[in-house]
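Colleague: Quick one: the structure is below, questions incoming.
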Amino acid sequence: MNARSWGPTAGPAGPLGTALADCATAGFSGVLHVIGAPGGTIYFAQGGVAAIETPWSPSAEVMLLRSGRIREPDWEAAYAAAAVARGHMRSELLSRSLIGAGELEAMLRSTLADAMFALAAGFVDTCRAEATTLEHVLALEPAADAAWLVAEARRRMQVLAAFPDPPLGARERVMAVPGALRAATMRGGGRDEILALADGRRTARDLAFALGHGLYTTLLTIARMRAEGLLAPAAQGAAEPDPRTYRQASPSADAGAVSALPRRHKERLPQPQRSGDPNSRPLPAVLRLLRPRAEGH
Amino acid sequence: MDGVTTVALIDIASGMVVRSAGELDPGFPAAAASVADEARAARLVLGPGLPAGELEEIAVVTGTRLHLAKVLQDKPEEGYLLFVDMDRARVNVALASKQVGQLAPAVLA
């Protein structure tokens, strides 16, 4: 199969399921362009899915850097070395012991599943396959089974649909309910960060990128917190959170959290650390939350 | 290990079965997501900063089965579970836990 297109069809995800099945059956190697919202590109290697790019789901690079799993200078050094040697980023990361082979594979499979979920949960108009050599920074080896990814995407949609409230979309804005931080009896697990960042301007997709979490994981956490009355869709008239709520809840850790919320801007990767003890610097709470938490790994 | 029927690597955050080997029934993905939910709930109950220490393992013992889920990373909302399903009649619970713990680090290496 050199080139082929799949036109619009009825049903969830339009022609995506058929296109994936046909590419897998044909042992296709190349790219499958998914046109829609969000749309994206699926990279095939001998019928398996090796990589997916979509603007609604953080890439492996974003996940590794935002989570602090790999430090940005280490990533850049590996990237430069791979580019100079015309080698693979995967080999460079492993040879520098920045991550284990098993962990990298698990992480890539997780990001693939998240990207497929993002594509399947959106709108797909048409798909267009184009045979070419695989060129991707971090491709999964061996490639994943397309049918497994589709089944996993379906499971994720079923989980979200099982919550009492209708599932939020990736582009829907969420905000913390006033008093939520004080009312939250279950802290940790990324919930504090979401409460601090859910200001009514950020969407679920924005939160996923800001925290370096998968889109599905973020939507799942939002759904749980929404069921507990901690978050609400911003479009449904929830009031702006009262900055005093945060100050009263935790004066030492949260002082100025809301008042210091930055204006929404293009997402940036964590900036290089300055010298000195980072914990001693007077950073706003939100910025402290975004600081990589696993430096030195 | 003797008595092992299923081994799976489960992503705690999403509940997804990342990799698996052995006997898998069609309901296994849902069961895996349930185990991941247990791990996440246990971490939340332990509280921020985990004063009781990090969650290391979840063990479920029934009349015929032993399910061990060993945490492979300890970041909140992150990490994986090494899930092992064993025939209880053929394993010693404490020894199995020790053996799985010894093998676990190699999974992500």
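Ordered as shown in the structure tokens, chains take letters A, B, and onward, while each chain numbers its residues from 1 and ligands are numbered from 1 in the order shown.
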Which polymer residues have any atom within 7 Å of an atom of Lys70 in chain B, counting only C-alpha atoms, with same-chain residues fewer than 2 positions away left out, as a VMD selection string?
Modeller: chain B and resid 56 to 58 68 72 81 to 83 101
Colleague: Include N, CA and C atoms and write out the residues we just selected as an mmCIF file, in the first residue's frame.
Modeller:
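Below is the file part14.cif, written as the result:
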```
data_model
loop_
_atom_site.group_PDB
_atom_site.id
_atom_site.type_symbol
_atom_site.label_atom_id
_atom_site.label_comp_id
_atom_site.auth_asym_id
_atom_site.auth_seq_id
_atom_site.Cartn_x
_atom_site.Cartn_y
_atom_site.Cartn_z
ATOM 1 N N GLU B 56 4.303 0.236 48.765
ATOM 2 C CA GLU B 56 5.250 -0.686 48.123
ATOM 3 C C GLU B 56 4.556 -1.834 47.407
ATOM 4 N N GLU B 57 3.472 -2.315 47.995
ATOM 5 C CA GLU B 57 2.885 -3.527 47.421
ATOM 6 C C GLU B 57 1.431 -3.664 47.864
ATOM 7 N N ILE B 58 0.627 -4.223 47.003
ATOM 8 C CA ILE B 58 -0.741 -4.590 47.372
ATOM 9 C C ILE B 58 -0.862 -6.096 47.183
ATOM 10 N N LEU B 68 -0.292 -10.299 43.632
ATOM 11 C CA LEU B 68 0.680 -9.344 44.160
ATOM 12 C C LEU B 68 0.834 -8.209 43.141
ATOM 13 N N LEU B 72 6.503 -0.034 41.124
ATOM 14 C CA LEU B 72 7.840 0.067 40.532
ATOM 15 C C LEU B 72 8.392 1.483 40.558
ATOM 16 N N LEU B 81 2.727 -0.751 38.155
ATOM 17 C CA LEU B 81 2.558 -1.895 39.048
ATOM 18 C C LEU B 81 2.995 -3.150 38.298
ATOM 19 N N LEU B 82 3.806 -3.940 38.942
ATOM 20 C CA LEU B 82 4.090 -5.270 38.412
ATOM 21 C C LEU B 82 3.085 -6.212 39.065
ATOM 22 N N PHE B 83 2.119 -6.642 38.284
ATOM 23 C CA PHE B 83 1.036 -7.478 38.800
ATOM 24 C C PHE B 83 1.347 -8.943 38.494
ATOM 25 N N GLY B 101 9.607 -9.015 44.603
ATOM 26 C CA GLY B 101 10.328 -7.784 44.918
ATOM 27 C C GLY B 101 11.750 -7.787 44.389
#
```
Colleague: Select all residues from chain A having any atom no more than 10 Å from an atom of chain B (counting only C-alpha atoms, ignoring ligands), output as a ChimeraX atom specification.
Modeller: /A:67,94,97,99-110,113-114,151-153,155-156,159,185-192,213-218,220-221,293-294
Colleague: Deliver the residues from the most recent selection as a file, using N, CA and C atoms, as a compact mmCIF listing (two decimals), in the first residue's frame.
Modeller:
```txt
# COMPACT_ATOMS: atom_id res chain seq x y z
N SER A 67 7.79 16.06 33.79
CA SER A 67 7.73 15.27 35.03
C SER A 67 9.07 15.31 35.76
N LEU A 94 19.41 5.67 26.19
CA LEU A 94 19.77 4.44 26.90
C LEU A 94 21.27 4.38 27.16
N SER A 97 22.31 6.27 30.05
CA SER A 97 21.65 5.82 31.29
C SER A 97 20.69 6.86 31.84
N ILE A 99 17.52 6.77 31.17
CA ILE A 99 16.29 6.02 31.43
C ILE A 99 16.55 4.57 31.05
N GLY A 100 15.84 3.66 31.70
CA GLY A 100 16.00 2.24 31.39
C GLY A 100 15.20 1.86 30.15
N ALA A 101 15.65 0.80 29.48
CA ALA A 101 14.96 0.37 28.26
C ALA A 101 13.51 -0.03 28.54
N GLY A 102 13.31 -0.74 29.66
CA GLY A 102 11.96 -1.15 29.99
C GLY A 102 11.06 0.03 30.32
N GLU A 103 11.60 0.97 31.07
CA GLU A 103 10.80 2.16 31.44
C GLU A 103 10.48 3.00 30.22
N LEU A 104 11.46 3.13 29.31
CA LEU A 104 11.22 3.92 28.10
C LEU A 104 10.14 3.28 27.24
N GLU A 105 10.22 1.96 27.12
CA GLU A 105 9.19 1.29 26.33
C GLU A 105 7.80 1.46 26.96
N ALA A 106 7.75 1.30 28.28
CA ALA A 106 6.47 1.46 28.98
C ALA A 106 5.94 2.88 28.81
N MET A 107 6.85 3.84 28.92
CA MET A 107 6.43 5.24 28.80
C MET A 107 5.96 5.54 27.38
N LEU A 108 6.65 5.01 26.38
CA LEU A 108 6.24 5.26 24.99
C LEU A 108 4.90 4.59 24.69
N ARG A 109 4.68 3.42 25.22
CA ARG A 109 3.39 2.75 25.02
C ARG A 109 2.27 3.55 25.70
N SER A 110 2.59 4.12 26.86
CA SER A 110 1.58 4.94 27.56
C SER A 110 1.25 6.20 26.77
N ALA A 113 -0.87 5.29 23.74
CA ALA A 113 -2.27 5.02 24.11
C ALA A 113 -3.00 6.33 24.40
N ASP A 114 -2.30 7.27 25.01
CA ASP A 114 -2.94 8.55 25.32
C ASP A 114 -3.23 9.33 24.04
N ALA A 151 -8.68 -0.64 21.30
CA ALA A 151 -9.42 -1.21 22.43
C ALA A 151 -9.16 -0.41 23.70
N GLU A 152 -7.92 0.02 23.91
CA GLU A 152 -7.59 0.79 25.10
C GLU A 152 -8.28 2.16 25.06
N ALA A 153 -8.32 2.78 23.88
CA ALA A 153 -9.02 4.07 23.75
C ALA A 153 -10.50 3.91 24.07
N ARG A 155 -11.83 1.62 26.04
CA ARG A 155 -11.95 1.41 27.50
C ARG A 155 -11.90 2.75 28.24
N ARG A 156 -11.00 3.61 27.82
CA ARG A 156 -10.85 4.90 28.49
C ARG A 156 -12.11 5.75 28.33
N VAL A 159 -14.72 4.44 30.69
CA VAL A 159 -14.47 4.81 32.09
C VAL A 159 -14.95 6.24 32.34
N THR A 185 -10.26 16.75 51.21
CA THR A 185 -9.70 15.91 52.27
C THR A 185 -8.63 14.98 51.71
N MET A 186 -8.72 14.67 50.43
CA MET A 186 -7.73 13.80 49.81
C MET A 186 -6.78 14.65 49.00
N ARG A 187 -5.57 14.83 49.51
CA ARG A 187 -4.59 15.65 48.82
C ARG A 187 -3.54 14.76 48.17
N GLY A 188 -2.68 15.40 47.41
CA GLY A 188 -1.62 14.66 46.75
C GLY A 188 -2.11 14.02 45.47
N GLY A 189 -1.26 13.20 44.88
CA GLY A 189 -1.65 12.51 43.66
C GLY A 189 -1.91 13.44 42.50
N GLY A 190 -1.30 14.62 42.52
CA GLY A 190 -1.48 15.57 41.42
C GLY A 190 -2.70 16.46 41.58
N ARG A 191 -3.49 16.22 42.64
CA ARG A 191 -4.72 17.00 42.81
C ARG A 191 -4.42 18.42 43.24
N ASP A 192 -3.41 18.62 44.06
CA ASP A 192 -3.06 19.98 44.49
C ASP A 192 -2.68 20.84 43.29
N HIS A 213 1.27 15.31 32.30
CA HIS A 213 0.46 14.11 32.45
C HIS A 213 -0.25 13.82 31.14
N GLY A 214 -0.72 12.62 30.98
CA GLY A 214 -1.49 12.28 29.80
C GLY A 214 -2.84 12.99 29.82
N LEU A 215 -3.41 13.16 28.63
CA LEU A 215 -4.73 13.79 28.56
C LEU A 215 -5.77 12.97 29.30
N TYR A 216 -5.74 11.64 29.09
CA TYR A 216 -6.72 10.79 29.76
C TYR A 216 -6.57 10.85 31.28
N THR A 217 -5.34 10.76 31.74
CA THR A 217 -5.09 10.83 33.18
C THR A 217 -5.62 12.13 33.76
N THR A 218 -5.41 13.22 33.03
CA THR A 218 -5.89 14.52 33.50
C THR A 218 -7.42 14.56 33.51
N LEU A 220 -9.39 12.05 33.76
CA LEU A 220 -9.86 11.14 34.80
C LEU A 220 -9.78 11.80 36.18
N THR A 221 -8.66 12.47 36.44
CA THR A 221 -8.52 13.15 37.73
C THR A 221 -9.55 14.27 37.85
N ARG A 293 10.10 17.57 39.83
CA ARG A 293 10.11 17.01 41.17
C ARG A 293 11.08 15.86 41.31
N ALA A 294 11.74 15.46 40.25
CA ALA A 294 12.58 14.27 40.34
C ALA A 294 13.95 14.54 39.75
```
Colleague: I need the strand (DSSP E or B) residues of chain B per DSSP on the backbone, written as a PyMOL selection string.
Modeller: chain B and resi 4-11+17-22+57-61+65-71+80-87
Colleague: Find, counting only C-alpha atoms, the residue in B:Asp2, B:Val93, B:Val60, B:Asp85 that gets nearest to Ser20 in chain B.
Modeller: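 Once distances to Ser20 in chain B are computed over only C-alpha atoms, the minimum belongs to B:Asp85.
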Colleague: Do you know which residues are at most 7 Å from range 118-134 of chain A counting only C-alpha atoms, after dropping those on the same chain fewer than 5 positions away, and could you put them as a VMD selection string?
Modeller: chain A and resid 2 to 8 13 to 16 19 29 to 39 43 45 56 to 57 153
Colleague: Mind the document's chain letters and residue numbers, and return as a PyMOL selection string the residues of chain B that DSSP labels helix (DSSP H, G or I).
Modeller: chain B and resi 28-46+88-90+93-103+105-108
Colleague: Just to confirm, what's the straight-line distance from CA of Ser97 in chain B to CA of Asp25 in chain B in Å (one decimal)?
Modeller: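 If I compute the distance from CA of Ser97 in chain B to CA of Asp25 in chain B, I get 23.6 Å.
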